[in-house]
Amino acid sequence: MTARSIQVAVAATLATALSLTAAACSNPDSAESGSGAGPASAVVGIAYEPDSLSPLLGYGKDGNSKIFDGLLALDADMKLRPALAAELPEVSDDGLTYTYKLRQGVKFSDGKPFGAKDVVFTYRTILDEKTNNPSRTELDAVKDVTAKGEDTVVFTLKYPYAPFAQRTVLPIAPEHIAGKQDVNTGAFTTKPIGTGPYVLTKWSKGEKLSFTANPDYWDGAPEVKKFTMAIIKDDDVRATRLRSGDLDGAILPPNLAKGFANDKAKKTYAANSYDYRTVTLPTNNKVAGDTAVRRALDVAVDRQTMVDAILNGSGKPAYGPVPTDSEWFTKGTERKHDLAAAKKILDEAGWKPGKDGVRVKDGVRATFPLWYLSGDKLRQEHALAYASDAKKAGIDIRTEAGTWEVIEPRMKHDAVLAGGGSPADPDFDQYTLLKSSLAGDGFNNMAWYDNKAVDAAIEAGRRSGDKAERKKAYDTVQRELVKNPGYTFLTHIDHLYVVDDRFGPLTTQVEPHDHGLASGPWWNVEKWSTQNARGSEK
C-alpha cells in the first residue's frame, strides 16, 4: 500500500501521498542536489512522506528510522541485533517477562543522556488511548513496562506473545522533550530529536526531508554527512529527475527501472519483499460484499499475467498476505485463473448476465468503483487489469484515481487498490488487515472484513507461544480467505531501486510494504563508504 498502509499498515501509517506541486518538482537545495553535492552527500527519490516524524504516533515503528534507534534493530539478514539495548533481551521461561539491559553512554542529538525512563515513557505513551497511534494494537500484549535503575527495562506481558522482541525495534523518544508537549500536536511531531545516526535539518512538506549526520552517534559518525530524501509522488517525474542527474537514486516501478538497464553509470537493485497489491471488497457494498462475487473475482483474475506484464517478472502471484515462498504460507490455497469457474459461481448464485453483459441479481447490477492512488503507475495498471478480468466474468468495475484524502472517506463502500505486507511475523500484517473489530479504524481492515473464524484464528496465533499452534492458526486464516475472500490479492512485488553506481556495491533487506523511506539500498546509508561517492576525488 502506499505509505498509508493497510497495516497496520503503513500500518502504521508511514506515509501520505500528496499531489505533486511545483515545490515537489523543484530541485533540492543546491548544496544537497545530485549535481552539486559534496563528497559525502546523497539525494534519493521516494514516493511518499510520513504524516508525522514522531515514533509516539507511529513513525519508524518497524525500525530503521534514521533519526531514532530502537532497543533492537534488524541486520542485513533480518535478524535482531542490539541497538539501544546492550544485548538481546533475557526472556523468562513462561514468555511473560522480557528484560533489557541498556547501552551506556548514549545521548540524544541535543546532548541529553538516554536512559530507561525514555523507554518507559515511549511505550506507556503509545499505549495511552489519548495518543493517536494507529498501531497501538501491535503492543496489545504489553501489560506493563518499568525501569529498574537507569540501565534496565522490564516488559511484563499479558500472554506469551512470540514475536514481542521484534516489536522492540520501535524508536525511542526523549521524555525530556516529547513528554513536555501535546503528544498529538506538539512540535516534536515535525522537529524530532533522537539518538539515531542522522539529525533532521529541514522538512519541506511535499518536497523533501533533509538530514545531516549525527557526529556523536554511539555507533560511529556516518561518512555520508548530508542525506536528502526528495519526495516525488509521480513515478515518471522521479525517473526523469534520476536520468537528469538531479537524484543519486530512486525507487521505480519495473517498467521505468528497465529504462536504465543500459546505463553503465547506474545500477539496479531488486529487494525481495512481502509487499502485496490487493483489491478491497467492502462488506458494506451490495456487490463487492457478496461472497459469490468475491469468490468469482478470486478465480477470474489472471495473477501470472499481471506479474509478467505489469511487473516484468519482478514479483509473484499473491493469494493472501503471506508470500508463497514463506514458511507461513499454506500450501493448497493457491487459486488458479479459471474464467469458466468464475462464471459458474456467479450463475449458481443467481447473478445472471444482462443485455449489456453485466450481471444482475434481484435488480442489482454487478458493478462497483475501484479507486487507486493518483500518480502510482503500479496501482493504476493493477486496477485496469483487474477490471478487465472482471468484465470477462460479467462484473463491471469502474476505475477511479484520487488522493488518499479523496479515497479514505469512500473506503466503507468503494473498493480500493491497496497494499500492505510485513516480513517480521504473520501477526504484524494479518491482525490489522482482517480483525473485524478494527473495521473503520483508519487504514486498518479497509474491507470491513467480518469473519468469526478468522477473528478466532488470528487471536490464537497472536496469543500462542508455540510455533506449531501458531502455524495451525494462520493455516486456518488462509483457508478461510479461500472460502470468503474479503480481498482479491493480486501480486507480491519485488522493489526496484536505481542508484548511481559510484555508491556501490550496496545491499538491500527483505522489505515490508512501506519502503523507500527507510528501506532500499539506503537502509544502511550510515554505513556507506564515501570513497566512491559523488563529488569525491579518485
# chains A, B, ... in the order shown; residues from 1 in each chain; ligands from 1
>>> residues_around(residues="region 369-379 of chain A", least_positions_apart="2", cutoff="10 Å", atoms="only C-alpha atoms", output="number ranges by chain")
A: 1-2, 17-20, 47, 232-237, 252-256, 277-281, 288, 310-311, 367, 381-387, 396-404, 406-408, 410-411, 413-419, 493
>>> residues_around(residues="Gly332 (chain A)", least_positions_apart="2", cutoff="12 Å", atoms="only C-alpha atoms", output="list in words")
Tyr319, Thr324, Phe329, Thr330, Glu334, Arg335, Lys336, Asp475, Gln478, Arg479 and Val482 of chain A
>>> closest_atom_pairs(of="region 442-530 of chain A", to="region 81-101 of chain A", cutoff="12 Å", atoms="only C-alpha atoms", output="Markdown table")
| residue | atom | partner | partner_atom | distance |
| --- | --- | --- | --- | --- |
| A:Arg463 | CA | A:Gly95 | CA | 10.9 |
| A:Ser464 | CA | A:Gly95 | CA | 10.1 |
| A:Gly465 | CA | A:Gly95 | CA | 7.5 |
| A:Asp466 | CA | A:Gly95 | CA | 10.6 |
>>> select_by_dssp(residues="region 286-526 of chain A", states="strand (DSSP E)", output="VMD selection string")
chain A and resid 315 to 317 352 to 353 359 to 361 364 to 365 367 to 373 396 to 402 415 to 420 487 to 493 495 to 500
>>> write_last_selection(atoms="N, CA and C atoms", output="tab-separated table (two decimals), in the first residue's frame")
chain	number	residue	atom	x	y	z
A	315	GLY	N	8.30	-10.21	-9.32
A	315	GLY	CA	7.31	-10.48	-8.29
A	315	GLY	C	6.72	-11.85	-8.49
A	316	LYS	N	5.60	-12.11	-7.82
A	316	LYS	CA	4.94	-13.40	-7.92
A	316	LYS	C	3.46	-13.25	-7.60
A	317	PRO	N	2.62	-14.20	-8.03
A	317	PRO	CA	1.20	-14.13	-7.71
A	317	PRO	C	0.97	-14.15	-6.21
A	352	LYS	N	-27.14	-13.25	-13.05
A	352	LYS	CA	-27.36	-13.60	-14.45
A	352	LYS	C	-26.94	-12.45	-15.38
A	353	PRO	N	-26.36	-12.79	-16.55
A	353	PRO	CA	-25.93	-11.74	-17.49
A	353	PRO	C	-27.12	-10.91	-17.99
A	359	ARG	N	-23.80	-8.61	-15.17
A	359	ARG	CA	-24.70	-9.49	-14.43
A	359	ARG	C	-25.62	-8.70	-13.50
A	360	VAL	N	-26.78	-9.30	-13.23
A	360	VAL	CA	-27.79	-8.68	-12.39
A	360	VAL	C	-28.37	-9.72	-11.45
A	361	LYS	N	-28.65	-9.32	-10.22
A	361	LYS	CA	-29.32	-10.20	-9.26
A	361	LYS	C	-30.28	-9.37	-8.42
A	364	VAL	N	-30.11	-5.71	-8.80
A	364	VAL	CA	-28.82	-5.06	-8.52
A	364	VAL	C	-27.81	-5.44	-9.60
A	365	ARG	N	-27.23	-4.44	-10.29
A	365	ARG	CA	-26.21	-4.70	-11.30
A	365	ARG	C	-24.87	-4.97	-10.64
A	367	THR	N	-21.84	-4.08	-10.42
A	367	THR	CA	-20.91	-3.01	-10.72
A	367	THR	C	-20.52	-2.26	-9.45
A	368	PHE	N	-19.29	-1.82	-9.37
A	368	PHE	CA	-18.82	-1.00	-8.25
A	368	PHE	C	-17.53	-0.29	-8.65
A	369	PRO	N	-17.22	0.83	-7.97
A	369	PRO	CA	-16.00	1.58	-8.29
A	369	PRO	C	-14.76	0.97	-7.63
A	370	LEU	N	-13.62	1.16	-8.26
A	370	LEU	CA	-12.33	0.74	-7.71
A	370	LEU	C	-11.38	1.93	-7.78
A	371	TRP	N	-10.97	2.41	-6.61
A	371	TRP	CA	-10.10	3.57	-6.52
A	371	TRP	C	-8.63	3.16	-6.44
A	372	TYR	N	-7.79	3.97	-7.06
A	372	TYR	CA	-6.35	3.78	-6.91
A	372	TYR	C	-5.69	5.14	-6.74
A	373	LEU	N	-4.48	5.13	-6.22
A	373	LEU	CA	-3.77	6.35	-5.88
A	373	LEU	C	-3.24	7.05	-7.12
A	396	ASP	N	-18.82	-5.36	-13.78
A	396	ASP	CA	-18.39	-4.05	-14.28
A	396	ASP	C	-17.72	-3.26	-13.16
A	397	ILE	N	-16.40	-3.11	-13.25
A	397	ILE	CA	-15.65	-2.36	-12.24
A	397	ILE	C	-15.16	-1.07	-12.87
A	398	ARG	N	-15.52	0.05	-12.26
A	398	ARG	CA	-15.17	1.37	-12.78
A	398	ARG	C	-13.96	1.90	-12.03
A	399	THR	N	-12.84	2.07	-12.69
A	399	THR	CA	-11.62	2.54	-12.03
A	399	THR	C	-11.62	4.05	-11.90
A	400	GLU	N	-11.18	4.52	-10.74
A	400	GLU	CA	-11.13	5.95	-10.43
A	400	GLU	C	-9.80	6.26	-9.74
A	401	ALA	N	-9.20	7.39	-10.08
A	401	ALA	CA	-7.95	7.82	-9.44
A	401	ALA	C	-8.22	8.95	-8.46
A	402	GLY	N	-7.47	8.98	-7.37
A	402	GLY	CA	-7.63	10.06	-6.40
A	402	GLY	C	-6.54	10.04	-5.36
A	415	ALA	N	-14.40	-0.09	-3.44
A	415	ALA	CA	-13.18	-0.90	-3.47
A	415	ALA	C	-11.96	0.00	-3.67
A	416	VAL	N	-10.82	-0.46	-3.16
A	416	VAL	CA	-9.58	0.30	-3.26
A	416	VAL	C	-8.45	-0.64	-3.67
A	417	LEU	N	-7.60	-0.19	-4.59
A	417	LEU	CA	-6.38	-0.92	-4.92
A	417	LEU	C	-5.36	-0.55	-3.85
A	418	ALA	N	-5.18	-1.45	-2.90
A	418	ALA	CA	-4.39	-1.16	-1.70
A	418	ALA	C	-3.12	-2.00	-1.67
A	419	GLY	N	-2.33	-1.78	-0.66
A	419	GLY	CA	-1.09	-2.53	-0.48
A	419	GLY	C	-0.80	-2.75	0.99
A	420	GLY	N	0.02	-3.71	1.29
A	420	GLY	CA	0.42	-4.00	2.66
A	420	GLY	C	1.50	-5.05	2.65
A	487	TYR	N	-10.82	-9.72	0.24
A	487	TYR	CA	-9.87	-9.01	-0.61
A	487	TYR	C	-9.54	-9.93	-1.79
A	488	THR	N	-9.23	-9.34	-2.94
A	488	THR	CA	-8.64	-10.13	-4.02
A	488	THR	C	-7.16	-9.78	-4.05
A	489	PHE	N	-6.32	-10.69	-3.55
A	489	PHE	CA	-4.88	-10.46	-3.56
A	489	PHE	C	-4.36	-10.72	-4.97
A	490	LEU	N	-3.51	-9.84	-5.46
A	490	LEU	CA	-3.07	-9.89	-6.85
A	490	LEU	C	-1.62	-10.31	-7.00
A	491	THR	N	-0.69	-9.51	-6.50
A	491	THR	CA	0.73	-9.80	-6.68
A	491	THR	C	1.53	-9.45	-5.43
A	492	HIS	N	2.65	-10.12	-5.26
A	492	HIS	CA	3.70	-9.70	-4.34
A	492	HIS	C	4.81	-9.10	-5.21
A	493	ILE	N	5.30	-7.94	-4.82
A	493	ILE	CA	6.15	-7.12	-5.68
A	493	ILE	C	7.59	-7.07	-5.17
A	495	HIS	N	10.78	-4.85	-4.99
A	495	HIS	CA	11.04	-3.42	-5.12
A	495	HIS	C	12.31	-3.18	-5.92
A	496	LEU	N	12.25	-2.26	-6.86
A	496	LEU	CA	13.40	-1.95	-7.70
A	496	LEU	C	13.91	-0.54	-7.42
A	497	TYR	N	15.21	-0.45	-7.23
A	497	TYR	CA	15.87	0.83	-6.98
A	497	TYR	C	16.99	1.02	-7.98
A	498	VAL	N	17.09	2.20	-8.54
A	498	VAL	CA	18.20	2.52	-9.45
A	498	VAL	C	19.06	3.56	-8.76
A	499	VAL	N	20.35	3.27	-8.63
A	499	VAL	CA	21.26	4.12	-7.86
A	499	VAL	C	22.54	4.36	-8.65
A	500	ASP	N	23.08	5.55	-8.50
A	500	ASP	CA	24.37	5.90	-9.10
A	500	ASP	C	25.40	4.84	-8.68
>>> closest_residue(among="A:Tyr269, A:Trp522, A:Trp351, A:Tyr449", to="Asn285 (chain A)", atoms="only C-alpha atoms")
A:Tyr449
>>> select_by_dssp(residues="region 292-435 of chain A", states="alpha helix (DSSP H)", output="MDAnalysis selection string")
chainID A and resid 292:300 303:309 339:348 377:392 404:407 426:434
>>> write_last_selection(atoms="C-alpha atoms", output="PDB file, in the first residue's frame")
ATOM      1  CA  ALA A 292     -20.202 -15.392  -4.624  1.00  0.00           C
ATOM      2  CA  VAL A 293     -18.903 -12.239  -6.315  1.00  0.00           C
ATOM      3  CA  ARG A 294     -15.801 -12.333  -4.136  1.00  0.00           C
ATOM      4  CA  ARG A 295     -15.124 -15.991  -4.936  1.00  0.00           C
ATOM      5  CA  ALA A 296     -15.711 -15.418  -8.642  1.00  0.00           C
ATOM      6  CA  LEU A 297     -13.308 -12.484  -8.775  1.00  0.00           C
ATOM      7  CA  ASP A 298     -10.722 -14.549  -6.917  1.00  0.00           C
ATOM      8  CA  VAL A 299     -10.510 -17.028  -9.806  1.00  0.00           C
ATOM      9  CA  ALA A 300     -11.363 -14.641 -12.650  1.00  0.00           C
ATOM     10  CA  ARG A 303      -2.336 -13.061 -11.497  1.00  0.00           C
ATOM     11  CA  GLN A 304       0.517 -14.537 -13.507  1.00  0.00           C
ATOM     12  CA  THR A 305      -0.194 -12.237 -16.447  1.00  0.00           C
ATOM     13  CA  MET A 306      -0.045  -9.293 -14.024  1.00  0.00           C
ATOM     14  CA  VAL A 307       3.363 -10.461 -12.810  1.00  0.00           C
ATOM     15  CA  ASP A 308       4.603 -10.879 -16.374  1.00  0.00           C
ATOM     16  CA  ALA A 309       3.070  -7.785 -17.967  1.00  0.00           C
ATOM     17  CA  LEU A 339     -12.817 -17.832 -16.021  1.00  0.00           C
ATOM     18  CA  ALA A 340     -15.253 -20.685 -16.587  1.00  0.00           C
ATOM     19  CA  ALA A 341     -15.268 -21.438 -12.858  1.00  0.00           C
ATOM     20  CA  ALA A 342     -15.897 -17.755 -12.092  1.00  0.00           C
ATOM     21  CA  LYS A 343     -18.903 -17.675 -14.416  1.00  0.00           C
ATOM     22  CA  LYS A 344     -20.279 -20.867 -12.893  1.00  0.00           C
ATOM     23  CA  ILE A 345     -20.035 -19.462  -9.349  1.00  0.00           C
ATOM     24  CA  LEU A 346     -21.974 -16.366 -10.410  1.00  0.00           C
ATOM     25  CA  ASP A 347     -24.590 -18.355 -12.368  1.00  0.00           C
ATOM     26  CA  GLU A 348     -25.276 -20.632  -9.409  1.00  0.00           C
ATOM     27  CA  LYS A 377       1.518   3.531 -12.112  1.00  0.00           C
ATOM     28  CA  LEU A 378       1.700   0.104 -10.479  1.00  0.00           C
ATOM     29  CA  ARG A 379      -1.641   0.577  -8.779  1.00  0.00           C
ATOM     30  CA  GLN A 380      -3.196   2.010 -11.889  1.00  0.00           C
ATOM     31  CA  GLU A 381      -2.025  -0.897 -14.028  1.00  0.00           C
ATOM     32  CA  HIS A 382      -3.170  -3.456 -11.445  1.00  0.00           C
ATOM     33  CA  ALA A 383      -6.571  -1.753 -11.237  1.00  0.00           C
ATOM     34  CA  LEU A 384      -7.053  -1.685 -15.002  1.00  0.00           C
ATOM     35  CA  ALA A 385      -6.006  -5.331 -15.395  1.00  0.00           C
ATOM     36  CA  TYR A 386      -8.311  -6.387 -12.561  1.00  0.00           C
ATOM     37  CA  ALA A 387     -11.260  -4.515 -14.093  1.00  0.00           C
ATOM     38  CA  SER A 388     -10.525  -6.110 -17.472  1.00  0.00           C
ATOM     39  CA  ASP A 389     -10.514  -9.619 -15.991  1.00  0.00           C
ATOM     40  CA  ALA A 390     -13.702  -8.916 -14.032  1.00  0.00           C
ATOM     41  CA  LYS A 391     -15.501  -7.683 -17.159  1.00  0.00           C
ATOM     42  CA  LYS A 392     -14.950 -11.051 -18.838  1.00  0.00           C
ATOM     43  CA  TRP A 404      -5.945   9.415  -0.074  1.00  0.00           C
ATOM     44  CA  GLU A 405      -7.909  12.433   1.097  1.00  0.00           C
ATOM     45  CA  VAL A 406     -10.464  11.621  -1.613  1.00  0.00           C
ATOM     46  CA  ILE A 407     -10.302   7.838  -1.222  1.00  0.00           C
ATOM     47  CA  PRO A 426       2.273 -13.169  10.421  1.00  0.00           C
ATOM     48  CA  ASP A 427       0.628 -11.294  13.273  1.00  0.00           C
ATOM     49  CA  PHE A 428       2.140  -7.997  12.167  1.00  0.00           C
ATOM     50  CA  ASP A 429       0.090  -7.815   8.995  1.00  0.00           C
ATOM     51  CA  GLN A 430      -2.873 -10.149   9.394  1.00  0.00           C
ATOM     52  CA  TYR A 431      -4.250  -8.789  12.645  1.00  0.00           C
ATOM     53  CA  THR A 432      -4.745  -5.248  11.411  1.00  0.00           C
ATOM     54  CA  LEU A 433      -5.777  -6.408   7.947  1.00  0.00           C
ATOM     55  CA  LEU A 434      -8.519  -8.829   8.987  1.00  0.00           C
TER      56      LEU A 434
END
>>> closest_residue(among="A:Leu139, A:Phe121, A:Gly149, A:Ile193", to="Asp69 (chain A)", atoms="only C-alpha atoms")
A:Ile193
>>> decode(residues="region 378-393 of chain A", atoms="N, CA, C and O atoms", output="mmCIF file, in the first residue's frame")
data_model
loop_
_atom_site.group_PDB
_atom_site.id
_atom_site.type_symbol
_atom_site.label_atom_id
_atom_site.label_comp_id
_atom_site.auth_asym_id
_atom_site.auth_seq_id
_atom_site.Cartn_x
_atom_site.Cartn_y
_atom_site.Cartn_z
ATOM 1 N N LEU A 378 1.923 1.504 -10.813
ATOM 2 C CA LEU A 378 1.700 0.104 -10.479
ATOM 3 C C LEU A 378 0.264 -0.143 -10.041
ATOM 4 O O LEU A 378 -0.373 -1.111 -10.452
ATOM 5 N N ARG A 379 -0.260 0.744 -9.230
ATOM 6 C CA ARG A 379 -1.641 0.577 -8.779
ATOM 7 C C ARG A 379 -2.609 0.773 -9.936
ATOM 8 O O ARG A 379 -3.604 0.053 -10.057
ATOM 9 N N GLN A 380 -2.324 1.764 -10.744
ATOM 10 C CA GLN A 380 -3.196 2.010 -11.889
ATOM 11 C C GLN A 380 -3.245 0.787 -12.809
ATOM 12 O O GLN A 380 -4.322 0.350 -13.228
ATOM 13 N N GLU A 381 -2.075 0.237 -13.119
ATOM 14 C CA GLU A 381 -2.025 -0.897 -14.028
ATOM 15 C C GLU A 381 -2.669 -2.141 -13.428
ATOM 16 O O GLU A 381 -3.345 -2.907 -14.124
ATOM 17 N N HIS A 382 -2.489 -2.346 -12.122
ATOM 18 C CA HIS A 382 -3.170 -3.456 -11.445
ATOM 19 C C HIS A 382 -4.690 -3.266 -11.496
ATOM 20 O O HIS A 382 -5.438 -4.217 -11.747
ATOM 21 N N ALA A 383 -5.133 -2.037 -11.248
ATOM 22 C CA ALA A 383 -6.571 -1.753 -11.237
ATOM 23 C C ALA A 383 -7.189 -1.992 -12.611
ATOM 24 O O ALA A 383 -8.266 -2.607 -12.728
ATOM 25 N N LEU A 384 -6.525 -1.520 -13.656
ATOM 26 C CA LEU A 384 -7.053 -1.685 -15.002
ATOM 27 C C LEU A 384 -7.089 -3.155 -15.411
ATOM 28 O O LEU A 384 -8.058 -3.618 -16.037
ATOM 29 N N ALA A 385 -6.046 -3.900 -15.065
ATOM 30 C CA ALA A 385 -6.006 -5.331 -15.395
ATOM 31 C C ALA A 385 -7.093 -6.092 -14.640
ATOM 32 O O ALA A 385 -7.750 -6.982 -15.196
ATOM 33 N N TYR A 386 -7.287 -5.736 -13.388
ATOM 34 C CA TYR A 386 -8.311 -6.387 -12.561
ATOM 35 C C TYR A 386 -9.701 -6.123 -13.140
ATOM 36 O O TYR A 386 -10.530 -7.035 -13.261
ATOM 37 N N ALA A 387 -9.965 -4.870 -13.521
ATOM 38 C CA ALA A 387 -11.260 -4.515 -14.093
ATOM 39 C C ALA A 387 -11.492 -5.253 -15.414
ATOM 40 O O ALA A 387 -12.614 -5.686 -15.705
ATOM 41 N N SER A 388 -10.421 -5.400 -16.196
ATOM 42 C CA SER A 388 -10.525 -6.110 -17.472
ATOM 43 C C SER A 388 -10.877 -7.576 -17.259
ATOM 44 O O SER A 388 -11.742 -8.137 -17.947
ATOM 45 N N ASP A 389 -10.221 -8.212 -16.301
ATOM 46 C CA ASP A 389 -10.514 -9.619 -15.991
ATOM 47 C C ASP A 389 -11.937 -9.781 -15.462
ATOM 48 O O ASP A 389 -12.641 -10.732 -15.798
ATOM 49 N N ALA A 390 -12.357 -8.843 -14.616
ATOM 50 C CA ALA A 390 -13.702 -8.916 -14.032
ATOM 51 C C ALA A 390 -14.773 -8.779 -15.108
ATOM 52 O O ALA A 390 -15.821 -9.449 -15.055
ATOM 53 N N LYS A 391 -14.529 -7.917 -16.088
ATOM 54 C CA LYS A 391 -15.501 -7.683 -17.159
ATOM 55 C C LYS A 391 -15.785 -8.958 -17.938
ATOM 56 O O LYS A 391 -16.925 -9.214 -18.364
ATOM 57 N N LYS A 392 -14.774 -9.782 -18.115
ATOM 58 C CA LYS A 392 -14.950 -11.051 -18.838
ATOM 59 C C LYS A 392 -15.893 -11.989 -18.099
ATOM 60 O O LYS A 392 -16.512 -12.864 -18.708
ATOM 61 N N ALA A 393 -16.000 -11.797 -16.777
ATOM 62 C CA ALA A 393 -16.909 -12.624 -15.976
ATOM 63 C C ALA A 393 -18.282 -11.975 -15.821
ATOM 64 O O ALA A 393 -19.185 -12.561 -15.225
#
